[in-house]
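Text of run-v9.cif, listed as mmCIF, C-alpha atoms:
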```
data_run
loop_
_atom_site.group_PDB
_atom_site.id
_atom_site.type_symbol
_atom_site.label_atom_id
_atom_site.label_comp_id
_atom_site.auth_asym_id
_atom_site.auth_seq_id
_atom_site.Cartn_x
_atom_site.Cartn_y
_atom_site.Cartn_z
ATOM 1 C CA MET A 1 0.000 0.000 0.000
ATOM 2 C CA ILE A 2 2.989 2.285 0.681
ATOM 3 C CA SER A 3 3.819 2.462 -3.052
ATOM 4 C CA ALA A 4 0.223 3.126 -4.147
ATOM 5 C CA THR A 5 -0.483 6.459 -5.787
ATOM 6 C CA ASP A 6 -2.335 9.214 -3.967
ATOM 7 C CA GLN A 7 -5.307 8.705 -6.285
ATOM 8 C CA ALA A 8 -5.525 4.982 -5.490
ATOM 9 C CA LEU A 9 -5.294 5.626 -1.758
ATOM 10 C CA ILE A 10 -7.919 8.365 -1.915
ATOM 11 C CA LYS A 11 -10.238 6.041 -3.834
ATOM 12 C CA ARG A 12 -9.864 3.437 -1.074
ATOM 13 C CA VAL A 13 -10.647 5.998 1.615
ATOM 14 C CA GLN A 14 -13.637 7.291 -0.338
ATOM 15 C CA THR A 15 -15.173 3.916 -1.079
ATOM 16 C CA LEU A 16 -14.066 1.735 1.855
ATOM 17 C CA GLN A 17 -13.388 4.410 4.476
ATOM 18 C CA CYS A 18 -10.009 2.699 4.808
ATOM 19 C CA GLN A 19 -8.192 4.483 7.620
ATOM 20 C CA ASP A 20 -4.900 2.707 6.886
ATOM 21 C CA SER A 21 -4.843 4.176 3.391
ATOM 22 C CA PHE A 22 -5.468 7.592 4.873
ATOM 23 C CA SER A 23 -2.583 7.067 7.303
ATOM 24 C CA VAL A 24 -0.293 6.430 4.332
ATOM 25 C CA LEU A 25 -1.458 9.718 2.820
ATOM 26 C CA VAL A 26 -0.819 11.501 6.121
ATOM 27 C CA GLU A 27 2.653 9.978 6.376
ATOM 28 C CA ARG A 28 3.403 11.052 2.820
ATOM 29 C CA HIS A 29 2.294 14.677 3.093
ATOM 30 C CA GLN A 30 2.718 15.574 6.756
ATOM 31 C CA SER A 31 6.314 16.773 6.640
ATOM 32 C CA ASN A 32 5.757 19.291 3.839
ATOM 33 C CA LEU A 33 2.563 20.585 5.396
ATOM 34 C CA ARG A 34 4.088 20.899 8.860
ATOM 35 C CA TYR A 35 7.053 22.791 7.435
ATOM 36 C CA SER A 36 4.802 25.118 5.419
ATOM 37 C CA LEU A 37 2.667 25.866 8.448
ATOM 38 C CA ARG A 38 5.774 26.583 10.506
ATOM 39 C CA GLN A 39 6.698 29.151 7.862
ATOM 40 C CA MET A 40 3.188 30.600 8.061
ATOM 41 C CA THR A 41 3.092 30.842 11.857
ATOM 42 C CA ASN A 42 6.391 32.509 12.688
ATOM 43 C CA TRP A 43 7.847 29.051 13.389
ATOM 44 C CA ASP A 44 5.362 28.308 16.159
ATOM 45 C CA GLU A 45 5.846 24.534 16.138
ATOM 46 C CA GLY A 46 2.936 23.759 18.468
ATOM 47 C CA LEU A 47 0.470 25.853 16.505
ATOM 48 C CA ALA A 48 1.772 24.556 13.166
ATOM 49 C CA ASP A 49 1.377 20.931 14.255
ATOM 50 C CA ASP A 50 -2.103 21.590 15.688
ATOM 51 C CA LEU A 51 -3.172 23.201 12.424
ATOM 52 C CA SER A 52 -1.641 20.334 10.433
ATOM 53 C CA GLN A 53 -3.496 17.784 12.550
ATOM 54 C CA GLU A 54 -6.751 19.676 12.115
ATOM 55 C CA THR A 55 -6.080 19.884 8.369
ATOM 56 C CA PHE A 56 -5.766 16.100 8.032
ATOM 57 C CA LEU A 57 -8.830 15.579 10.200
ATOM 58 C CA LYS A 58 -10.886 17.909 8.024
ATOM 59 C CA ALA A 59 -9.484 16.226 4.923
ATOM 60 C CA TYR A 60 -10.594 12.823 6.215
ATOM 61 C CA GLN A 61 -14.052 14.098 7.099
ATOM 62 C CA SER A 62 -14.605 15.658 3.685
ATOM 63 C CA ILE A 63 -12.597 13.276 1.510
ATOM 64 C CA LYS A 64 -15.751 12.351 -0.407
ATOM 65 C CA THR A 65 -15.864 15.896 -1.787
ATOM 66 C CA PHE A 66 -12.350 15.552 -3.233
ATOM 67 C CA LYS A 67 -12.877 15.182 -6.977
ATOM 68 C CA GLY A 68 -9.282 14.608 -7.991
ATOM 69 C CA SER A 69 -9.104 17.542 -10.399
ATOM 70 C CA ALA A 70 -6.322 19.054 -8.276
ATOM 71 C CA LYS A 71 -3.395 17.434 -6.526
ATOM 72 C CA PHE A 72 -4.094 16.063 -3.042
ATOM 73 C CA SER A 73 -1.330 18.275 -1.649
ATOM 74 C CA SER A 74 -2.998 21.360 -3.187
ATOM 75 C CA TRP A 75 -6.292 20.367 -1.602
ATOM 76 C CA LEU A 76 -4.526 19.984 1.757
ATOM 77 C CA TYR A 77 -2.996 23.450 1.381
ATOM 78 C CA ARG A 78 -6.434 24.892 0.705
ATOM 79 C CA ILE A 79 -7.822 23.359 3.917
ATOM 80 C CA ALA A 80 -4.740 24.437 5.872
ATOM 81 C CA TYR A 81 -4.943 27.983 4.532
ATOM 82 C CA ASN A 82 -8.617 28.307 5.520
ATOM 83 C CA LEU A 83 -7.902 26.914 8.984
ATOM 84 C CA MET A 84 -4.990 29.286 9.400
ATOM 85 C CA ILE A 85 -7.095 32.272 8.367
ATOM 86 C CA SER A 86 -9.854 31.382 10.840
ATOM 87 C CA HIS A 87 -7.288 30.768 13.576
ATOM 88 C CA PHE A 88 -5.728 34.200 13.088
ATOM 89 C CA ARG A 89 -9.190 35.798 12.911
ATOM 90 C CA VAL A 90 -10.184 34.283 16.253
ATOM 91 C CA ALA A 91 -6.811 35.192 17.758
ATOM 92 C CA ARG A 92 -7.148 38.787 16.549
ATOM 93 C CA ASN A 93 -10.652 39.070 18.000
ATOM 94 C CA ARG A 94 -9.410 37.750 21.314
ATOM 95 C CA GLU A 95 -6.658 40.321 21.277
ATOM 96 C CA VAL A 96 -9.073 43.135 20.440
ATOM 97 C CA THR A 97 -11.573 42.123 23.113
ATOM 98 C CA GLY A 98 -8.751 41.804 25.619
ATOM 99 C CA VAL A 99 -9.482 38.151 26.389
ATOM 100 C CA GLU A 100 -5.997 37.163 25.473
ATOM 101 C CA ILE A 101 -3.011 39.238 24.520
ATOM 102 C CA LEU A 102 -0.985 37.300 22.015
ATOM 103 C CA ASP A 103 2.652 37.103 22.828
ATOM 104 C CA ASP A 104 4.342 38.448 19.760
ATOM 105 C CA THR A 105 7.798 38.721 21.208
ATOM 106 C CA PRO A 106 10.057 35.778 20.532
ATOM 107 C CA SER A 107 10.813 33.532 23.473
ATOM 108 C CA SER A 108 14.356 33.228 24.785
ATOM 109 C CA GLN A 109 14.625 29.932 22.949
ATOM 110 C CA THR A 110 13.579 31.564 19.696
ATOM 111 C CA ARG A 111 16.041 34.389 20.292
ATOM 112 C CA THR A 112 18.868 31.903 20.695
ATOM 113 C CA GLU A 113 17.814 30.062 17.581
ATOM 114 C CA THR A 114 17.589 33.332 15.664
ATOM 115 C CA SER A 115 21.037 34.318 16.770
ATOM 116 C CA GLN A 116 22.228 31.121 15.133
ATOM 117 C CA GLN A 117 20.952 32.568 11.845
ATOM 118 C CA ASP A 118 18.799 29.563 11.115
ATOM 119 C CA LEU A 119 17.576 30.066 7.595
ATOM 120 C CA HIS A 120 14.109 28.560 8.057
ATOM 121 C CA ARG A 121 13.304 30.419 11.236
ATOM 122 C CA ASP A 122 14.643 33.673 9.874
ATOM 123 C CA LEU A 123 12.491 33.317 6.804
ATOM 124 C CA ALA A 124 9.469 32.602 8.978
ATOM 125 C CA ARG A 125 10.222 35.669 11.098
ATOM 126 C CA ALA A 126 10.636 37.854 8.032
ATOM 127 C CA MET A 127 7.356 36.546 6.603
ATOM 128 C CA LYS A 128 5.538 37.206 9.869
ATOM 129 C CA VAL A 129 4.934 40.871 9.091
ATOM 130 C CA LEU A 130 3.212 40.066 5.805
ATOM 131 C CA PRO A 131 -0.564 39.688 5.645
ATOM 132 C CA ALA A 132 -1.616 36.020 5.601
ATOM 133 C CA THR A 133 -2.588 36.157 1.912
ATOM 134 C CA GLN A 134 0.814 37.482 0.835
ATOM 135 C CA ARG A 135 2.604 35.077 3.147
ATOM 136 C CA MET A 136 0.811 32.030 1.777
ATOM 137 C CA ALA A 137 1.048 33.121 -1.860
ATOM 138 C CA LEU A 138 4.747 33.868 -1.514
ATOM 139 C CA HIS A 139 5.503 30.584 0.222
ATOM 140 C CA LEU A 140 3.570 28.509 -2.308
ATOM 141 C CA ASN A 141 5.230 30.335 -5.186
ATOM 142 C CA LEU A 142 8.824 30.643 -4.028
ATOM 143 C CA HIS A 143 9.169 27.612 -1.798
ATOM 144 C CA ARG A 144 6.711 25.074 -3.204
ATOM 145 C CA GLU A 145 7.229 26.390 -6.751
ATOM 146 C CA LEU A 146 3.524 26.376 -7.592
ATOM 147 C CA THR A 147 2.229 28.402 -10.521
ATOM 148 C CA HIS A 148 0.088 31.509 -10.030
ATOM 149 C CA SER A 149 -2.879 29.604 -11.367
ATOM 150 C CA GLU A 150 -2.408 26.741 -8.859
ATOM 151 C CA ILE A 151 -2.088 29.263 -6.021
ATOM 152 C CA SER A 152 -5.223 30.992 -7.224
ATOM 153 C CA ASP A 153 -7.078 27.661 -7.022
ATOM 154 C CA ILE A 154 -5.716 26.817 -3.593
ATOM 155 C CA MET A 155 -6.439 30.195 -2.037
ATOM 156 C CA GLU A 156 -9.646 30.714 -3.991
ATOM 157 C CA ILE A 157 -8.685 34.249 -4.996
ATOM 158 C CA PRO A 158 -8.415 35.776 -8.494
ATOM 159 C CA LEU A 159 -5.208 35.341 -10.470
ATOM 160 C CA GLY A 160 -4.562 39.106 -10.457
ATOM 161 C CA THR A 161 -4.772 39.179 -6.661
ATOM 162 C CA VAL A 162 -2.244 36.346 -6.449
ATOM 163 C CA LYS A 163 0.209 38.222 -8.665
ATOM 164 C CA THR A 164 -0.226 41.425 -6.666
ATOM 165 C CA ALA A 165 0.159 39.561 -3.371
ATOM 166 C CA ILE A 166 3.375 37.913 -4.550
ATOM 167 C CA ASN A 167 4.878 41.145 -5.909
ATOM 168 C CA ARG A 168 4.023 43.139 -2.789
ATOM 169 C CA GLY A 169 5.180 40.308 -0.570
ATOM 170 C CA LYS A 170 8.501 40.143 -2.351
ATOM 171 C CA ILE A 171 9.091 43.887 -1.893
ATOM 172 C CA THR A 172 8.351 43.736 1.840
ATOM 173 C CA LEU A 173 10.350 40.569 2.306
ATOM 174 C CA ARG A 174 13.376 42.075 0.543
ATOM 175 C CA GLN A 175 13.190 45.063 2.888
ATOM 176 C CA ASN A 176 12.879 42.803 5.929
ATOM 177 C CA LEU A 177 15.766 40.644 4.883
ATOM 178 C CA ALA A 178 18.048 43.522 3.883
ATOM 179 C CA GLY A 179 21.376 42.981 5.578
ATOM 180 C CA TRP A 180 20.617 39.342 6.228
ATOM 181 C CA ASN A 181 23.728 37.310 5.557
ATOM 182 C CA SER A 182 22.902 34.052 3.833
ATOM 183 C CA GLU A 183 26.547 32.964 3.938
ATOM 184 C CA GLU A 184 26.280 32.451 7.690
ATOM 185 C CA THR A 185 23.749 29.701 7.243
ATOM 186 C CA ARG A 186 25.887 27.626 4.879
ATOM 187 C CA MET B 1 26.043 49.233 0.591
ATOM 188 C CA SER B 2 24.766 45.696 1.075
ATOM 189 C CA LYS B 3 23.866 43.610 -1.954
ATOM 190 C CA PRO B 4 20.082 43.326 -2.507
ATOM 191 C CA ILE B 5 18.844 39.930 -1.412
ATOM 192 C CA ASN B 6 17.968 37.402 -4.105
ATOM 193 C CA LEU B 7 14.736 35.809 -2.911
ATOM 194 C CA ASP B 8 14.800 33.031 -5.495
ATOM 195 C CA ASP B 9 18.239 31.898 -4.299
ATOM 196 C CA LEU B 10 17.224 32.207 -0.678
ATOM 197 C CA PHE B 11 14.103 30.089 -1.117
ATOM 198 C CA LYS B 12 16.031 27.593 -3.234
ATOM 199 C CA GLN B 13 18.455 27.260 -0.359
ATOM 200 C CA ALA B 14 15.559 26.832 2.080
ATOM 201 C CA ARG B 15 14.003 24.211 -0.186
ATOM 202 C CA GLN B 16 17.218 22.236 -0.345
ATOM 203 C CA LYS B 17 17.686 22.425 3.411
ATOM 204 C CA GLU B 18 14.035 21.760 4.260
ATOM 205 C CA PRO B 19 13.938 19.424 7.259
ATOM 206 C CA TYR B 20 11.975 16.174 7.124
ATOM 207 C CA TYR B 21 9.684 15.644 10.084
ATOM 208 C CA GLY B 22 9.310 12.038 11.192
ATOM 209 C CA GLY B 23 5.690 11.096 10.808
ATOM 210 C CA LYS B 24 5.033 8.101 13.104
ATOM 211 C CA ASP B 25 3.886 10.046 16.162
ATOM 212 C CA PHE B 26 2.023 12.554 14.065
ATOM 213 C CA VAL B 27 0.234 9.865 12.024
ATOM 214 C CA SER B 28 -0.884 8.039 15.166
ATOM 215 C CA ARG B 29 -2.082 11.328 16.706
ATOM 216 C CA VAL B 30 -4.190 11.987 13.603
ATOM 217 C CA ALA B 31 -5.548 8.405 13.675
ATOM 218 C CA VAL B 32 -6.517 8.732 17.351
ATOM 219 C CA ASP B 33 -8.186 12.068 16.643
ATOM 220 C CA ILE B 34 -10.164 10.588 13.743
ATOM 221 C CA ASP B 35 -11.358 7.707 15.967
ATOM 222 C CA ARG B 36 -12.316 10.125 18.733
ATOM 223 C CA ARG B 37 -14.344 12.328 16.369
ATOM 224 C CA LYS B 38 -15.987 9.238 14.852
ATOM 225 C CA LYS B 39 -17.114 8.058 18.291
ATOM 226 C CA LEU B 40 -18.290 11.543 19.129
ATOM 227 C CA SER B 41 -20.374 11.806 15.982
ATOM 228 C CA LYS B 42 -21.802 8.319 16.616
ATOM 229 C CA THR B 43 -22.851 9.406 20.140
ATOM 230 C CA LYS B 44 -24.320 12.614 18.730
ATOM 231 C CA GLU B 45 -26.207 10.648 16.085
ATOM 232 C CA THR B 46 -27.591 8.238 18.701
ATOM 233 C CA MET B 47 -28.613 11.115 20.953
ATOM 234 C CA ILE B 48 -30.445 12.923 18.159
ATOM 235 C CA THR B 49 -32.203 9.735 17.015
ATOM 236 C CA GLY B 50 -33.063 8.819 20.612
ATOM 237 C CA SER B 51 -34.450 12.272 21.397
ATOM 238 C CA ALA B 52 -36.528 12.260 18.219
ATOM 239 C CA ALA B 53 -37.865 8.796 19.091
ATOM 240 C CA ILE B 54 -38.823 9.871 22.634
ATOM 241 C CA ILE B 55 -40.562 13.029 21.382
ATOM 242 C CA GLY B 56 -42.322 11.014 18.690
ATOM 243 C CA ALA B 57 -43.446 8.369 21.196
ATOM 244 C CA ALA B 58 -44.716 11.031 23.629
ATOM 245 C CA MET B 59 -46.681 12.788 20.887
ATOM 246 C CA THR B 60 -48.096 9.510 19.659
ATOM 247 C CA TYR B 61 -49.151 8.548 23.159
ATOM 248 C CA ALA B 62 -50.809 11.923 23.710
ATOM 249 C CA TYR B 63 -52.629 12.337 20.402
ATOM 250 C CA PHE B 64 -53.017 8.904 18.865
ATOM 251 C CA PRO B 65 -56.532 7.395 19.099
ATOM 252 C CA LEU B 66 -55.109 4.224 20.586
ATOM 253 C CA GLU B 67 -58.329 2.996 22.201
ATOM 254 C CA MET B 68 -60.278 3.347 18.973
ATOM 255 C CA ILE B 69 -57.707 1.328 17.091
ATOM 256 C CA MET B 70 -57.472 -1.273 19.822
ATOM 257 C CA GLN B 71 -61.210 -1.809 19.555
ATOM 258 C CA GLN B 72 -60.822 -2.637 15.868
ATOM 259 C CA VAL B 73 -58.166 -5.282 16.501
ATOM 260 C CA PRO B 74 -59.800 -8.691 16.021
ATOM 261 C CA THR B 75 -59.902 -10.853 19.120
ATOM 262 C CA SER B 76 -59.336 -14.066 17.212
ATOM 263 C CA PHE B 77 -57.182 -14.925 14.192
ATOM 264 C CA VAL B 78 -57.936 -17.506 11.578
ATOM 265 C CA ILE B 79 -54.810 -19.088 10.182
ATOM 266 C CA ASN B 80 -55.228 -19.899 6.524
ATOM 267 C CA PRO B 81 -52.646 -20.353 3.698
ATOM 268 C CA MET B 82 -52.816 -16.619 2.870
ATOM 269 C CA THR B 83 -51.942 -15.660 6.465
ATOM 270 C CA VAL B 84 -48.967 -18.047 6.456
ATOM 271 C CA LEU B 85 -47.738 -16.598 3.140
ATOM 272 C CA MET B 86 -48.103 -13.055 4.458
ATOM 273 C CA ALA B 87 -46.196 -13.881 7.649
ATOM 274 C CA ALA B 88 -43.413 -15.496 5.616
ATOM 275 C CA GLY B 89 -43.245 -12.454 3.334
ATOM 276 C CA ILE B 90 -43.067 -9.990 6.222
ATOM 277 C CA THR B 91 -40.357 -12.093 7.931
ATOM 278 C CA SER B 92 -38.292 -12.236 4.717
ATOM 279 C CA ILE B 93 -38.533 -8.481 4.202
ATOM 280 C CA SER B 94 -37.557 -7.820 7.848
ATOM 281 C CA CYS B 95 -34.563 -10.167 7.600
ATOM 282 C CA GLY B 96 -33.481 -8.569 4.331
ATOM 283 C CA PHE B 97 -33.711 -5.089 5.855
ATOM 284 C CA ALA B 98 -31.797 -6.167 8.980
ATOM 285 C CA TYR B 99 -29.050 -7.681 6.771
ATOM 286 C CA TRP B 100 -28.804 -4.459 4.762
ATOM 287 C CA LEU B 101 -28.540 -2.426 7.957
ATOM 288 C CA ALA B 102 -25.808 -4.695 9.290
ATOM 289 C CA GLU B 103 -23.826 -4.493 6.039
ATOM 290 C CA ASP B 104 -24.076 -0.734 5.703
ATOM 291 C CA LYS B 105 -21.340 0.544 8.016
ATOM 292 C CA SER B 106 -22.291 4.172 7.809
ATOM 293 C CA LEU B 107 -25.614 3.596 9.552
#
```

Rewrite the structure from the file as structure tokens, please.
Amino acid sequence: MISATDQALIKRVQTLQCQDSFSVLVERHQSNLRYSLRQMTNWDEGLADDLSQETFLKAYQSIKTFKGSAKFSSWLYRIAYNLMISHFRVARNREVTGVEILDDTPSSQTRTETSQQDLHRDLARAMKVLPATQRMALHLNLHRELTHSEISDIMEIPLGTVKTAINRGKITLRQNLAGWNSEETR
Amino acid sequence: MSKPINLDDLFKQARQKEPYYGGKDFVSRVAVDIDRRKKLSKTKETMITGSAAIIGAAMTYAYFPLEMIMQQVPTSFVINPMTVLMAAGITSISCGFAYWLAEDKSL
């Protein structure tokens, strides 16, 4: 079953509700998704893993709606993006209503890691200031190498908006990373 | 003046150095979560069906002309070949329905 294609595994889950097949899909896609969500959440590993878990759960619950016109990974990114947006919306409301003030300052551990010029964490930190749409579009384009059209499908926004988000994101990211020395990470 | 950063190179570097996260613990956590939600939805389904059945039974008891119907029930039955055939038919249909219910996992 390990060597079966995504399509074959999805078919088994859809028709037989085979949880083992779904576990193979999770195993196959979890690392990429967890990394992407770390990039989206300022390298908050706990939050990224919670969102990833919720993404796979939602995917399992609505697998019958997956038509196979897009890649399974793209479908997962769409679910993850929507979950991330609603998470940040709830978090922002909490902050506004004073229920919970989100700790935006990096912990001492993060500070130590940042001082080590870790490329992934630094990228995540630099992306943090971008709006979620720009962050996701930029990550999918530059890191996952998806086309504008694929990103437009995943994020369910017009193609023009994707292009604008990527261009604006790039400008801000360049400013944020100005002076960053990539040689130190090699 | 520092050289402007090349984002394509930077992301290429990040892509090449992307860590792989071991999936065993994560996969089992997802599996446990799926089982938990399944049980939860089963309980919810049972509760909704049960509540509907109780409300239905209470309404039936309150409004149904039970006595009038009971009076129309014959006090004696005559068993003839037609009755036997009917009983066999009803039993077959019930068994068939029960088998279908047992086979259909989603119910």

Sorted by chain and rising residue number, which residues of chain B lie within 10 Å of chain A, and what are their closest atom pairs and distances in Å to one decimal, counting all atoms listed in the file, as a tab-separated table?
```
residue	atom	partner	partner_atom	distance
B:Met1	CA	A:Gly179	CA	9.3
B:Ser2	CA	A:Gly179	CA	6.3
B:Lys3	CA	A:Gly179	CA	8.0
B:Pro4	CA	A:Ala178	CA	6.7
B:Ile5	CA	A:Arg174	CA	6.2
B:Asn6	CA	A:Arg174	CA	8.0
B:Leu7	CA	A:Arg174	CA	7.3
B:Asp8	CA	A:Leu142	CA	6.6
B:Asp9	CA	A:Leu142	CA	9.5
B:Leu10	CA	A:Ser182	CA	7.5
B:Phe11	CA	A:His143	CA	5.6
B:Lys12	CA	A:His143	CA	7.0
B:Gln13	CA	A:Leu119	CA	8.5
B:Ala14	CA	A:His120	CA	6.4
B:Arg15	CA	A:His143	CA	6.1
B:Gln16	CA	A:His143	CA	9.8
B:Lys17	CA	A:His120	CA	8.5
B:Glu18	CA	A:Tyr35	CA	7.7
B:Pro19	CA	A:Tyr35	CA	7.7
B:Tyr20	CA	A:Ser31	CA	5.7
B:Tyr21	CA	A:Ser31	CA	4.9
B:Gly22	CA	A:Ser31	CA	7.2
B:Gly23	CA	A:Glu27	CA	5.5
B:Lys24	CA	A:Glu27	CA	7.4
B:Asp25	CA	A:Glu27	CA	9.9
B:Phe26	CA	A:Gln53	CA	7.8
B:Val27	CA	A:Glu27	CA	6.1
B:Ser28	CA	A:Ser23	CA	8.1
B:Arg29	CA	A:Gln53	CA	7.8
B:Val30	CA	A:Gln53	CA	5.9
B:Ala31	CA	A:Ser23	CA	7.2
B:Asp33	CA	A:Leu57	CA	7.4
B:Ile34	CA	A:Leu57	CA	6.3
B:Asp35	CA	A:Gln19	CA	9.5
B:Arg37	CA	A:Leu57	CA	8.9
B:Lys38	CA	A:Gln61	CA	9.4
B:Lys105	CA	A:Gln17	CA	9.5
B:Ser106	CA	A:Gln17	CA	9.5
```

Save out the residues we just selected, C-alpha atoms, as a PDB file, keeping the file's coordinate frame.
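Listed below is the output, part-v5.pdb:
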```
ATOM      1  CA  MET B   1      26.043  49.233   0.591  1.00  0.00           C
ATOM      2  CA  SER B   2      24.766  45.696   1.075  1.00  0.00           C
ATOM      3  CA  LYS B   3      23.866  43.610  -1.954  1.00  0.00           C
ATOM      4  CA  PRO B   4      20.082  43.326  -2.507  1.00  0.00           C
ATOM      5  CA  ILE B   5      18.844  39.930  -1.412  1.00  0.00           C
ATOM      6  CA  ASN B   6      17.968  37.402  -4.105  1.00  0.00           C
ATOM      7  CA  LEU B   7      14.736  35.809  -2.911  1.00  0.00           C
ATOM      8  CA  ASP B   8      14.800  33.031  -5.495  1.00  0.00           C
ATOM      9  CA  ASP B   9      18.239  31.898  -4.299  1.00  0.00           C
ATOM     10  CA  LEU B  10      17.224  32.207  -0.678  1.00  0.00           C
ATOM     11  CA  PHE B  11      14.103  30.089  -1.117  1.00  0.00           C
ATOM     12  CA  LYS B  12      16.031  27.593  -3.234  1.00  0.00           C
ATOM     13  CA  GLN B  13      18.455  27.260  -0.359  1.00  0.00           C
ATOM     14  CA  ALA B  14      15.559  26.832   2.080  1.00  0.00           C
ATOM     15  CA  ARG B  15      14.003  24.211  -0.186  1.00  0.00           C
ATOM     16  CA  GLN B  16      17.218  22.236  -0.345  1.00  0.00           C
ATOM     17  CA  LYS B  17      17.686  22.425   3.411  1.00  0.00           C
ATOM     18  CA  GLU B  18      14.035  21.760   4.260  1.00  0.00           C
ATOM     19  CA  PRO B  19      13.938  19.424   7.259  1.00  0.00           C
ATOM     20  CA  TYR B  20      11.975  16.174   7.124  1.00  0.00           C
ATOM     21  CA  TYR B  21       9.684  15.644  10.084  1.00  0.00           C
ATOM     22  CA  GLY B  22       9.310  12.038  11.192  1.00  0.00           C
ATOM     23  CA  GLY B  23       5.690  11.096  10.808  1.00  0.00           C
ATOM     24  CA  LYS B  24       5.033   8.101  13.104  1.00  0.00           C
ATOM     25  CA  ASP B  25       3.886  10.046  16.162  1.00  0.00           C
ATOM     26  CA  PHE B  26       2.023  12.554  14.065  1.00  0.00           C
ATOM     27  CA  VAL B  27       0.234   9.865  12.024  1.00  0.00           C
ATOM     28  CA  SER B  28      -0.884   8.039  15.166  1.00  0.00           C
ATOM     29  CA  ARG B  29      -2.082  11.328  16.706  1.00  0.00           C
ATOM     30  CA  VAL B  30      -4.190  11.987  13.603  1.00  0.00           C
ATOM     31  CA  ALA B  31      -5.548   8.405  13.675  1.00  0.00           C
ATOM     32  CA  ASP B  33      -8.186  12.068  16.643  1.00  0.00           C
ATOM     33  CA  ILE B  34     -10.164  10.588  13.743  1.00  0.00           C
ATOM     34  CA  ASP B  35     -11.358   7.707  15.967  1.00  0.00           C
ATOM     35  CA  ARG B  37     -14.344  12.328  16.369  1.00  0.00           C
ATOM     36  CA  LYS B  38     -15.987   9.238  14.852  1.00  0.00           C
ATOM     37  CA  LYS B 105     -21.340   0.544   8.016  1.00  0.00           C
ATOM     38  CA  SER B 106     -22.291   4.172   7.809  1.00  0.00           C
TER      39      SER B 106
END
```

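Minimum atom-to-atom distances from A:Ala124, A:His87, A:Leu130, A:Phe72 to A:Thr41 were compared using all atoms listed in the file, and the lowest value belongs to A:Ala124.
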
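Note that atom CA of A:Gln39 and atom CA of A:Ile166 are 15.6 Å apart.
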
### Task
Dig up all the protein and nucleic acid residues within 12 Å of (-1.4, 31.2, -8.5) in the file frame, using all atoms listed in the file, and format them as a ChimeraX atom specification.
/A:74,133-134,136-142,144-166

### Message
Report, in Å with one decimal, the straight-line distance from atom CA of A:Ile10 to atom CA of A:Trp75.
### Response
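Computing it gives 12.1 Å between the two atoms.
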
### Query
Please, what distance in Å, to one decimal, runs between atom CA of A:Val129 and atom CA of A:Phe88?
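The value is 13.2 Å.
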
### Query
Looking at A:Met127, A:Leu37, A:Lys11, A:Ala4, which one is nearest to A:Met84, with distances taken over all atoms listed in the file?
A:Leu37

Output stretch 154-165 of chain A with N, CA and C atoms present, as a compact mmCIF listing (two decimals), in the coordinates of the input.
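To be explicit, this is the file written out as out-v2.txt:
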```txt
# COMPACT_ATOMS: atom_id res chain seq x y z
N ILE A 154 -5.85 27.20 -5.00
CA ILE A 154 -5.72 26.82 -3.59
C ILE A 154 -6.33 27.88 -2.68
N MET A 155 -6.00 29.14 -2.94
CA MET A 155 -6.44 30.20 -2.04
C MET A 155 -7.81 30.75 -2.40
N GLU A 156 -8.33 30.28 -3.51
CA GLU A 156 -9.65 30.71 -3.99
C GLU A 156 -9.74 32.23 -4.10
N ILE A 157 -8.70 32.81 -4.72
CA ILE A 157 -8.68 34.25 -5.00
C ILE A 157 -8.33 34.43 -6.47
N PRO A 158 -8.70 35.58 -7.08
CA PRO A 158 -8.41 35.78 -8.49
C PRO A 158 -6.91 35.78 -8.79
N LEU A 159 -6.60 35.43 -10.02
CA LEU A 159 -5.21 35.34 -10.47
C LEU A 159 -4.47 36.67 -10.27
N GLY A 160 -5.17 37.78 -10.60
CA GLY A 160 -4.56 39.11 -10.46
C GLY A 160 -4.19 39.38 -9.01
N THR A 161 -5.04 38.96 -8.09
CA THR A 161 -4.77 39.18 -6.66
C THR A 161 -3.55 38.38 -6.22
N VAL A 162 -3.41 37.18 -6.79
CA VAL A 162 -2.24 36.35 -6.45
C VAL A 162 -0.96 37.06 -6.89
N LYS A 163 -0.99 37.55 -8.14
CA LYS A 163 0.21 38.22 -8.66
C LYS A 163 0.57 39.44 -7.82
N THR A 164 -0.46 40.23 -7.49
CA THR A 164 -0.23 41.42 -6.67
C THR A 164 0.33 41.02 -5.30
N ALA A 165 -0.28 40.00 -4.71
CA ALA A 165 0.16 39.56 -3.37
C ALA A 165 1.62 39.13 -3.41
```
